[in-house]
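A.B. asks: I'm passing along coords00.pdb; it holds PDB, C-alpha atoms.
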ATOM      1  CA  MET T   1      -2.559  11.032  21.891  1.00  0.00           C
ATOM      2  CA  ASN T   2      -3.804   7.932  20.048  1.00  0.00           C
ATOM      3  CA  PRO T   3      -3.917   7.628  16.199  1.00  0.00           C
ATOM      4  CA  THR T   4      -7.629   8.404  15.933  1.00  0.00           C
ATOM      5  CA  GLN T   5      -7.160  11.586  17.941  1.00  0.00           C
ATOM      6  CA  GLU T   6      -4.262  12.608  15.702  1.00  0.00           C
ATOM      7  CA  GLN T   7      -6.409  12.216  12.615  1.00  0.00           C
ATOM      8  CA  SER T   8      -9.393  14.009  14.111  1.00  0.00           C
ATOM      9  CA  CYS T   9      -7.092  16.948  14.914  1.00  0.00           C
ATOM     10  CA  GLY T  10      -5.976  17.092  11.294  1.00  0.00           C
ATOM     11  CA  LYS T  11      -2.509  15.697  11.980  1.00  0.00           C
ATOM     12  CA  PRO T  12      -1.364  12.766   9.862  1.00  0.00           C
ATOM     13  CA  ALA T  13      -0.998   9.412  11.543  1.00  0.00           C
ATOM     14  CA  LYS T  14       2.503   8.025  11.925  1.00  0.00           C
ATOM     15  CA  ALA T  15       3.844   6.005   9.011  1.00  0.00           C
ATOM     16  CA  GLY T  16       3.638   2.261   9.512  1.00  0.00           C
ATOM     17  CA  ASN T  17       0.672   2.543  11.833  1.00  0.00           C
ATOM     18  CA  LYS T  18      -1.779  -0.328  11.153  1.00  0.00           C
ATOM     19  CA  LEU T  19      -4.775   1.846  12.000  1.00  0.00           C
ATOM     20  CA  SER T  20      -3.585   4.476   9.542  1.00  0.00           C
ATOM     21  CA  LEU T  21      -3.267   1.894   6.773  1.00  0.00           C
ATOM     22  CA  TRP T  22      -6.715   0.524   7.550  1.00  0.00           C
ATOM     23  CA  ILE T  23      -8.318   3.974   7.534  1.00  0.00           C
ATOM     24  CA  HIS T  24      -6.758   4.825   4.174  1.00  0.00           C
ATOM     25  CA  SER T  25      -8.013   1.578   2.643  1.00  0.00           C
ATOM     26  CA  MET T  26     -11.577   1.854   3.966  1.00  0.00           C
ATOM     27  CA  PRO T  27     -14.143   1.752   1.166  1.00  0.00           C
ATOM     28  CA  VAL T  28     -16.376   4.728   0.509  1.00  0.00           C
ATOM     29  CA  LEU T  29     -19.866   3.410   1.234  1.00  0.00           C
ATOM     30  CA  SER T  30     -22.996   5.366   0.363  1.00  0.00           C
ATOM     31  CA  THR T  31     -26.723   4.755   0.518  1.00  0.00           C
ATOM     32  CA  VAL T  32     -28.665   4.921  -2.737  1.00  0.00           C
ATOM     33  CA  ASN T  33     -29.809   8.484  -2.006  1.00  0.00           C
ATOM     34  CA  GLN T  34     -26.323   9.653  -0.999  1.00  0.00           C
ATOM     35  CA  PHE T  35     -24.828   8.066  -4.104  1.00  0.00           C
ATOM     36  CA  THR T  36     -27.334   9.667  -6.494  1.00  0.00           C
ATOM     37  CA  ALA T  37     -26.829  13.060  -4.827  1.00  0.00           C
ATOM     38  CA  LYS T  38     -23.061  12.803  -5.445  1.00  0.00           C
ATOM     39  CA  GLN T  39     -23.404  11.236  -8.904  1.00  0.00           C
ATOM     40  CA  PRO T  40     -26.345  12.877 -10.718  1.00  0.00           C
ATOM     41  CA  ALA T  41     -25.777  10.724 -13.834  1.00  0.00           C
ATOM     42  CA  PHE T  42     -27.429   7.897 -11.875  1.00  0.00           C
ATOM     43  CA  THR T  43     -31.096   8.243 -10.895  1.00  0.00           C
ATOM     44  CA  THR T  44     -32.489   6.673  -7.749  1.00  0.00           C
ATOM     45  CA  GLY T  45     -34.832   4.437  -9.741  1.00  0.00           C
ATOM     46  CA  GLY T  46     -32.117   3.396 -12.160  1.00  0.00           C
ATOM     47  CA  LEU T  47     -29.730   2.524  -9.352  1.00  0.00           C
ATOM     48  CA  ARG T  48     -32.414   0.579  -7.492  1.00  0.00           C
ATOM     49  CA  ALA T  49     -33.129  -1.373 -10.697  1.00  0.00           C
ATOM     50  CA  LEU T  50     -29.428  -2.243 -11.015  1.00  0.00           C
ATOM     51  CA  ILE T  51     -29.394  -3.411  -7.387  1.00  0.00           C
ATOM     52  CA  PHE T  52     -32.628  -5.412  -7.837  1.00  0.00           C
ATOM     53  CA  ASN T  53     -31.059  -7.241 -10.796  1.00  0.00           C
ATOM     54  CA  GLU T  54     -27.586  -7.499  -9.243  1.00  0.00           C
ATOM     55  CA  ASN T  55     -27.446 -11.286  -9.593  1.00  0.00           C
ATOM     56  CA  THR T  56     -28.073 -11.197 -13.342  1.00  0.00           C
ATOM     57  CA  ASN T  57     -26.078  -8.094 -14.300  1.00  0.00           C
ATOM     58  CA  GLY T  58     -22.857  -8.998 -12.458  1.00  0.00           C
ATOM     59  CA  LEU T  59     -23.093  -6.253  -9.853  1.00  0.00           C
ATOM     60  CA  ALA T  60     -23.301  -8.810  -7.003  1.00  0.00           C
ATOM     61  CA  LYS T  61     -20.172 -10.582  -8.225  1.00  0.00           C
ATOM     62  CA  SER T  62     -18.272  -7.272  -8.253  1.00  0.00           C
ATOM     63  CA  GLY T  63     -18.853  -6.795  -4.520  1.00  0.00           C
ATOM     64  CA  ALA T  64     -20.153  -3.261  -5.043  1.00  0.00           C
ATOM     65  CA  ILE T  65     -23.323  -3.841  -3.025  1.00  0.00           C
ATOM     66  CA  VAL T  66     -22.961  -4.209   0.742  1.00  0.00           C
ATOM     67  CA  ARG T  67     -25.907  -5.170   2.916  1.00  0.00           C
ATOM     68  CA  ILE T  68     -26.098  -4.623   6.658  1.00  0.00           C
ATOM     69  CA  GLY T  69     -29.490  -5.853   7.781  1.00  0.00           C
ATOM     70  CA  ARG T  70     -31.974  -4.029   5.556  1.00  0.00           C
ATOM     71  CA  LYS T  71     -29.566  -1.218   4.738  1.00  0.00           C
ATOM     72  CA  VAL T  72     -28.108  -1.319   1.237  1.00  0.00           C
ATOM     73  CA  LEU T  73     -24.786   0.447   0.721  1.00  0.00           C
ATOM     74  CA  ILE T  74     -22.773   0.995  -2.431  1.00  0.00           C
ATOM     75  CA  ASP T  75     -19.002   0.626  -2.467  1.00  0.00           C
ATOM     76  CA  GLU T  76     -18.219   3.463  -4.869  1.00  0.00           C
ATOM     77  CA  THR T  77     -14.822   2.194  -6.033  1.00  0.00           C
ATOM     78  CA  ARG T  78     -16.161  -1.259  -6.867  1.00  0.00           C
ATOM     79  CA  PHE T  79     -19.302   0.173  -8.447  1.00  0.00           C
ATOM     80  CA  PHE T  80     -17.318   2.318 -10.872  1.00  0.00           C
ATOM     81  CA  ALA T  81     -15.004  -0.612 -11.618  1.00  0.00           C
ATOM     82  CA  TRP T  82     -18.156  -2.602 -12.507  1.00  0.00           C
ATOM     83  CA  VAL T  83     -19.422   0.272 -14.682  1.00  0.00           C
ATOM     84  CA  GLU T  84     -16.091   0.303 -16.519  1.00  0.00           C
ATOM     85  CA  SER T  85     -16.255  -3.461 -17.032  1.00  0.00           C
ATOM     86  CA  GLN T  86     -19.709  -3.032 -18.568  1.00  0.00           C
ATOM     87  CA  ASN T  87     -18.298  -0.455 -20.961  1.00  0.00           C
ATOM     88  CA  LYS T  88     -15.538  -2.832 -22.058  1.00  0.00           C
ATOM     89  CA  ALA T  89     -18.019  -5.690 -22.560  1.00  0.00           C
ATOM     90  CA  VAL T  90     -19.954  -3.643 -25.132  1.00  0.00           C
ATOM     91  CA  ALA T  91     -16.900  -2.569 -27.124  1.00  0.00           C
TER
END
As structure tokens, what does this structure read like?

C.D. replies:
Amino acid sequence: MNPTQEQSCGKPAKAGNKLSLWIHSMPVLSTVNQFTAKQPAFTTGGLRALIFNENTNGLAKSGAIVRIGRKVLIDETRFFAWVESQNKAVA
């Protein structure tokens, strides 16, 4: 049984397995609609405005926005790190 089959069966992958390490470090990527459904504090319009102005508000530099063709995805970990950095900048 290969590592992906072990994980799909609910069994943990073997320690030291490169695939296992890669899977555990994969970013959580969401579309704008998926993100706003999970995080109701952010509206779709508000999030789209942040993405539209990403080059001036520092969001692009944070790496939180991932583009694949026309699809725009949000790296949740980096996005919340950016939000926290905005909070510190005000204080």

A.B. asks: Distance atom CA of Leu73 of chain T-atom CA of Val32 of chain T, one decimal place?

C.D. replies: 6.9 Å

A.B. asks: Starting from the shown file, work through the PyMOL selection byres ((chain T and resi 27) around 8) and note down what comes out as a list in words.

C.D. replies: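 That expression, the PyMOL selection byres ((chain T and resi 27) around 8), corresponds here to Ser25, Met26, Val28, Leu29, Asp75, Glu76 and Thr77 of chain T.
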
A.B. asks: Applying the PyMOL selection byres ((chain T and resi 35) around 12) to the file I just gave you, which residues come out? Please list them as a ChimeraX atom specification.

C.D. replies: /T:28-34,36-44,46-48,72-77,79-80

A.B. asks: For the atom pair atom CA of Ser85 of chain T and atom CA of Gly45 of chain T, what is the interatomic distance in Å to one decimal place?

C.D. replies: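 These atoms are spaced 21.5 Å apart.
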
A.B. asks: Rounded to one decimal place, report the atom CA of Gly58 of chain T-atom CA of Trp82 of chain T distance in Å.

C.D. replies: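 Spanning atom CA of Gly58 of chain T to atom CA of Trp82 of chain T is a straight-line distance of 7.9 Å.
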
A.B. asks: Box time for segment 82-86 of chain T: axis-aligned, enclosing all its listed atoms, 5 Å extra on each side; report centre and edge lengths in Å to one decimal, as JSON.

C.D. replies:
{"center_x": -17.9, "center_y": -1.6, "center_z": -15.5, "size_x": 13.6, "size_y": 13.8, "size_z": 16.1}
